[in-house]
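*Asks:* Following this message is one structure expressed as C-alpha cells.
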Amino acid sequence: MDQTLFFILLFVALIGFMFWSQWRARRRYQQQLDQLQAGDQVMTIGGIYGKLTRVDREAHSAHLEIAPGVEIRISLSAISRRLGPGGE
C-alpha cells in the first residue's frame with residue numbers, strides 16, 4: 001500500500017511539473033510577443049529574418065520587411081524570437 005501511494009504521488013508530481021513548465025514557457029513567450037514593436041529585428045518559425053514595420057495586436061498580425069521594399073503580413077505567433085532593435 002505504501003509503495004502504491006508513493007508511485008501515485010510521484011506520478012502526480014511529474015504530471016504537475018510538466019504542466020507547470022509548459023505554462024511558464026507559454027507565459028515567457030507571450031511576454032516576448034507583448035514587447036515587440038515596429039523596428040525590431042525578428043526571426044519567424046520558418047527561419048525568415050526581417051524587420052517589423054507594423055504590429056497590430058488586435059488583429060494578431062504584423063508586417064515584416066524581408067528585403068528593401070518587400071513586406072509580408074504574418075501572424076504574431078509565427079515570430080520565433082526577437083533578434084534586436086533596429087538595424088542589428
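Starting from 1 in every chain, residues are counted up; chains themselves are A, B, ... following the order of the C-alpha cells, and ligands are numbered from 1 as listed.
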Would you give me, as a tab-separated table (two decimals) with C-alpha atoms, in the first residue's frame, the residues in stretch 2-84 of chain A that DSSP reads as strand (DSSP E)?

*Replies:*
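states_32.tsv was written with the following content:
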chain	number	residue	atom	x	y	z
A	40	ASP	CA	12.61	45.21	-34.10
A	41	GLN	CA	14.60	42.59	-35.98
A	42	VAL	CA	12.92	39.19	-35.67
A	43	MET	CA	13.12	35.64	-36.95
A	44	THR	CA	9.99	33.66	-37.83
A	49	TYR	CA	14.64	37.19	-40.93
A	50	GLY	CA	13.26	40.69	-41.19
A	51	LYS	CA	12.34	43.96	-39.55
A	52	LEU	CA	8.88	44.60	-38.12
A	53	THR	CA	7.29	47.61	-39.77
A	54	ARG	CA	3.89	47.38	-38.08
A	55	VAL	CA	2.42	45.36	-35.20
A	56	ASP	CA	-1.37	45.02	-34.93
A	61	SER	CA	-0.65	40.16	-37.08
A	62	ALA	CA	2.45	42.06	-38.07
A	63	HIS	CA	4.12	43.36	-41.20
A	64	LEU	CA	7.65	42.13	-41.77
A	65	GLU	CA	10.09	43.76	-44.18
A	66	ILE	CA	12.23	40.93	-45.54
A	67	ALA	CA	14.05	43.00	-48.18
A	70	VAL	CA	9.32	43.77	-49.81
A	71	GLU	CA	6.88	43.44	-46.94
A	72	ILE	CA	4.83	40.43	-45.86
A	73	ARG	CA	1.99	40.10	-43.37
A	74	ILE	CA	2.44	37.39	-40.75
A	75	SER	CA	0.72	36.16	-37.63
A	79	ILE	CA	7.53	35.04	-34.73
A	80	SER	CA	10.07	32.77	-33.12
A	81	ARG	CA	12.24	35.35	-31.42
A	82	ARG	CA	13.37	38.94	-31.33
A	83	LEU	CA	16.93	39.41	-32.54
A	84	GLY	CA	17.33	43.02	-31.55

*Asks:* Could you pull out the alpha helix (DSSP H) residues of stretch 24-79 of chain A from DSSP and send them as a list in words?

*Replies:* Arg24, Ala25, Arg26, Arg27, Arg28, Tyr29, Gln30, Gln31, Gln32, Leu33 and Asp34 of chain A

*Asks:* Could you state the separation of atom CA of A:Ala38 and atom CA of A:Ala78 in Å, given to one decimal place?

*Replies:*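 That distance, rounded to one decimal, is 15.7 Å.
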
*Asks:* What's the separation between atom CA of A:Leu33 and atom CA of A:His60, in Å to one decimal place?

*Replies:*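 Separation between atom CA of A:Leu33 and atom CA of A:His60: 10.2 Å.
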